[in-house]
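Written out below as structure tokens is the structure these notes cover.
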Amino acid sequence: MGEEQVEVQVEAHEVRGVTVELLSTVDLGPEVDGFEGYELRTRRVTIEPGGVFGPVHDHAGRPGSVYVLEGTITDHRDGVATEYGPGPGWPEDRATTHWLENRGSVPAVEVSVDIVRTG
């Protein structure tokens, strides 16, 4: 489907209509020198029609990547709404500050992989 960018100014809402399922984790300490206290995390996130994954949040210290399996997810950042799905999603790096929503009529499902601190 590709990406579609539309300029918007929307106020982010609290989380609603979102289910997060932890699929797996890998302790990175024994795997990569210098990564003690970090893990690689894989989650399946489902956003129901009209659902919001907010409020606005950042990814400082928690880089990741998203792949959209089903539906369309709208990523709001820097006053721009970008629609993704199905297919490659968006990177989440230290400069990412955003919130997400499902404007569609079917559930949107993504796989999110990120590096997080443990404990």
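To be explicit about the labels: the chains of the structure tokens are called A, B, and onward in the order shown, and within each one the residues are counted from 1, while ligands get numbers from 1 in the order they are shown.
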
Would you list, as a PyMOL selection string, the residues of chain A that end up in strand (DSSP E or B) under DSSP run on this structure's backbone?
chain A and resi 4-7+16-27+38-58+64-70+73-77+80-84+87-92+97-101+108-117

Residues just named, written with C-alpha atoms as a PDB file, in the first residue's frame:
```pdb
ATOM      1  CA  GLU A   4       0.666   8.526   2.328  1.00  0.00           C
ATOM      2  CA  GLN A   5       1.466  11.809   4.078  1.00  0.00           C
ATOM      3  CA  VAL A   6      -1.160  14.357   5.030  1.00  0.00           C
ATOM      4  CA  GLU A   7      -0.544  17.522   7.053  1.00  0.00           C
ATOM      5  CA  ARG A  16      -7.981   3.069  23.827  1.00  0.00           C
ATOM      6  CA  GLY A  17      -8.764  -0.016  21.770  1.00  0.00           C
ATOM      7  CA  VAL A  18      -5.198  -1.359  21.944  1.00  0.00           C
ATOM      8  CA  THR A  19      -4.021  -4.861  22.821  1.00  0.00           C
ATOM      9  CA  VAL A  20      -0.311  -5.613  23.261  1.00  0.00           C
ATOM     10  CA  GLU A  21       0.961  -9.203  23.254  1.00  0.00           C
ATOM     11  CA  LEU A  22       4.563  -9.968  24.186  1.00  0.00           C
ATOM     12  CA  LEU A  23       5.842 -12.511  21.649  1.00  0.00           C
ATOM     13  CA  SER A  24       9.472 -12.928  22.724  1.00  0.00           C
ATOM     14  CA  THR A  25      12.498 -11.411  24.430  1.00  0.00           C
ATOM     15  CA  VAL A  26      16.234 -12.024  24.120  1.00  0.00           C
ATOM     16  CA  ASP A  27      18.633 -11.012  26.891  1.00  0.00           C
ATOM     17  CA  TYR A  38      19.133  -4.657  27.714  1.00  0.00           C
ATOM     18  CA  GLU A  39      16.809  -7.003  25.876  1.00  0.00           C
ATOM     19  CA  LEU A  40      15.467  -7.342  22.365  1.00  0.00           C
ATOM     20  CA  ARG A  41      11.656  -7.364  22.598  1.00  0.00           C
ATOM     21  CA  THR A  42       9.103  -8.449  19.999  1.00  0.00           C
ATOM     22  CA  ARG A  43       5.441  -7.516  20.462  1.00  0.00           C
ATOM     23  CA  ARG A  44       2.232  -7.859  18.474  1.00  0.00           C
ATOM     24  CA  VAL A  45       0.095  -4.724  18.799  1.00  0.00           C
ATOM     25  CA  THR A  46      -3.544  -4.678  17.682  1.00  0.00           C
ATOM     26  CA  ILE A  47      -5.319  -1.333  17.335  1.00  0.00           C
ATOM     27  CA  GLU A  48      -9.078  -1.617  16.886  1.00  0.00           C
ATOM     28  CA  PRO A  49     -10.933   0.727  14.491  1.00  0.00           C
ATOM     29  CA  GLY A  50     -10.981   4.146  16.175  1.00  0.00           C
ATOM     30  CA  GLY A  51      -8.281   2.997  18.581  1.00  0.00           C
ATOM     31  CA  VAL A  52      -5.419   5.209  19.743  1.00  0.00           C
ATOM     32  CA  PHE A  53      -1.938   4.234  20.936  1.00  0.00           C
ATOM     33  CA  GLY A  54      -1.024   7.371  22.841  1.00  0.00           C
ATOM     34  CA  PRO A  55      -0.412   9.681  24.463  1.00  0.00           C
ATOM     35  CA  VAL A  56       2.468  11.305  22.625  1.00  0.00           C
ATOM     36  CA  HIS A  57       5.605   9.355  23.550  1.00  0.00           C
ATOM     37  CA  ASP A  58       9.255   9.192  22.542  1.00  0.00           C
ATOM     38  CA  GLY A  64      12.892  -0.079  17.286  1.00  0.00           C
ATOM     39  CA  SER A  65      11.170  -0.875  14.039  1.00  0.00           C
ATOM     40  CA  VAL A  66       7.584  -1.689  13.068  1.00  0.00           C
ATOM     41  CA  TYR A  67       6.023  -3.914  10.395  1.00  0.00           C
ATOM     42  CA  VAL A  68       2.264  -3.681   9.751  1.00  0.00           C
ATOM     43  CA  LEU A  69       0.671  -7.109   9.205  1.00  0.00           C
ATOM     44  CA  GLU A  70      -2.952  -6.055   8.672  1.00  0.00           C
ATOM     45  CA  ILE A  73      -1.931   2.581  11.104  1.00  0.00           C
ATOM     46  CA  THR A  74      -1.623   6.368  11.105  1.00  0.00           C
ATOM     47  CA  ASP A  75       1.602   7.627  12.693  1.00  0.00           C
ATOM     48  CA  HIS A  76       1.415  11.234  13.946  1.00  0.00           C
ATOM     49  CA  ARG A  77       4.716  13.116  14.339  1.00  0.00           C
ATOM     50  CA  VAL A  80       2.241  15.200   9.899  1.00  0.00           C
ATOM     51  CA  ALA A  81       0.065  12.074   9.754  1.00  0.00           C
ATOM     52  CA  THR A  82       1.543   9.213   7.725  1.00  0.00           C
ATOM     53  CA  GLU A  83      -0.433   6.061   6.930  1.00  0.00           C
ATOM     54  CA  TYR A  84       1.333   2.680   6.857  1.00  0.00           C
ATOM     55  CA  GLY A  87       3.975  -3.830   4.869  1.00  0.00           C
ATOM     56  CA  PRO A  88       7.008  -1.967   6.162  1.00  0.00           C
ATOM     57  CA  GLY A  89       6.190   0.535   8.886  1.00  0.00           C
ATOM     58  CA  TRP A  90       8.360   3.174  10.469  1.00  0.00           C
ATOM     59  CA  PRO A  91      11.634   3.398  12.372  1.00  0.00           C
ATOM     60  CA  GLU A  92      11.545   4.439  16.015  1.00  0.00           C
ATOM     61  CA  THR A  97       8.108  11.539  19.258  1.00  0.00           C
ATOM     62  CA  HIS A  98       4.699  10.360  18.084  1.00  0.00           C
ATOM     63  CA  TRP A  99       1.337   8.735  18.693  1.00  0.00           C
ATOM     64  CA  LEU A 100      -0.652   6.233  16.603  1.00  0.00           C
ATOM     65  CA  GLU A 101      -4.247   5.620  15.598  1.00  0.00           C
ATOM     66  CA  ALA A 108      -4.719  -2.906  12.432  1.00  0.00           C
ATOM     67  CA  VAL A 109      -2.006  -5.324  13.552  1.00  0.00           C
ATOM     68  CA  GLU A 110       1.701  -4.545  13.791  1.00  0.00           C
ATOM     69  CA  VAL A 111       4.812  -6.360  14.946  1.00  0.00           C
ATOM     70  CA  SER A 112       7.095  -4.086  16.926  1.00  0.00           C
ATOM     71  CA  VAL A 113      10.718  -4.980  17.662  1.00  0.00           C
ATOM     72  CA  ASP A 114      12.723  -2.795  20.028  1.00  0.00           C
ATOM     73  CA  ILE A 115      15.631  -2.724  22.450  1.00  0.00           C
ATOM     74  CA  VAL A 116      14.642  -1.941  26.047  1.00  0.00           C
ATOM     75  CA  ARG A 117      16.311  -1.774  29.446  1.00  0.00           C
TER      76      ARG A 117
END
```

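In this structure, CA of Pro30 in chain A sits 28.1 Å away from CA of Ala95 in chain A.
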
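Among the candidates A:Val15, A:Thr118, A:Pro63, A:Thr72, the one nearest to Asn102 in chain A when counting only C-alpha atoms is A:Thr72.
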
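As for CA of Val106 in chain A and CA of Gly79 in chain A, they are spaced 24.8 Å apart.
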
As an exercise, work out the distance from CA of Gly61 in chain A to CA of Asp78 in chain A in Å and give it to one decimal place.
19.5 Å
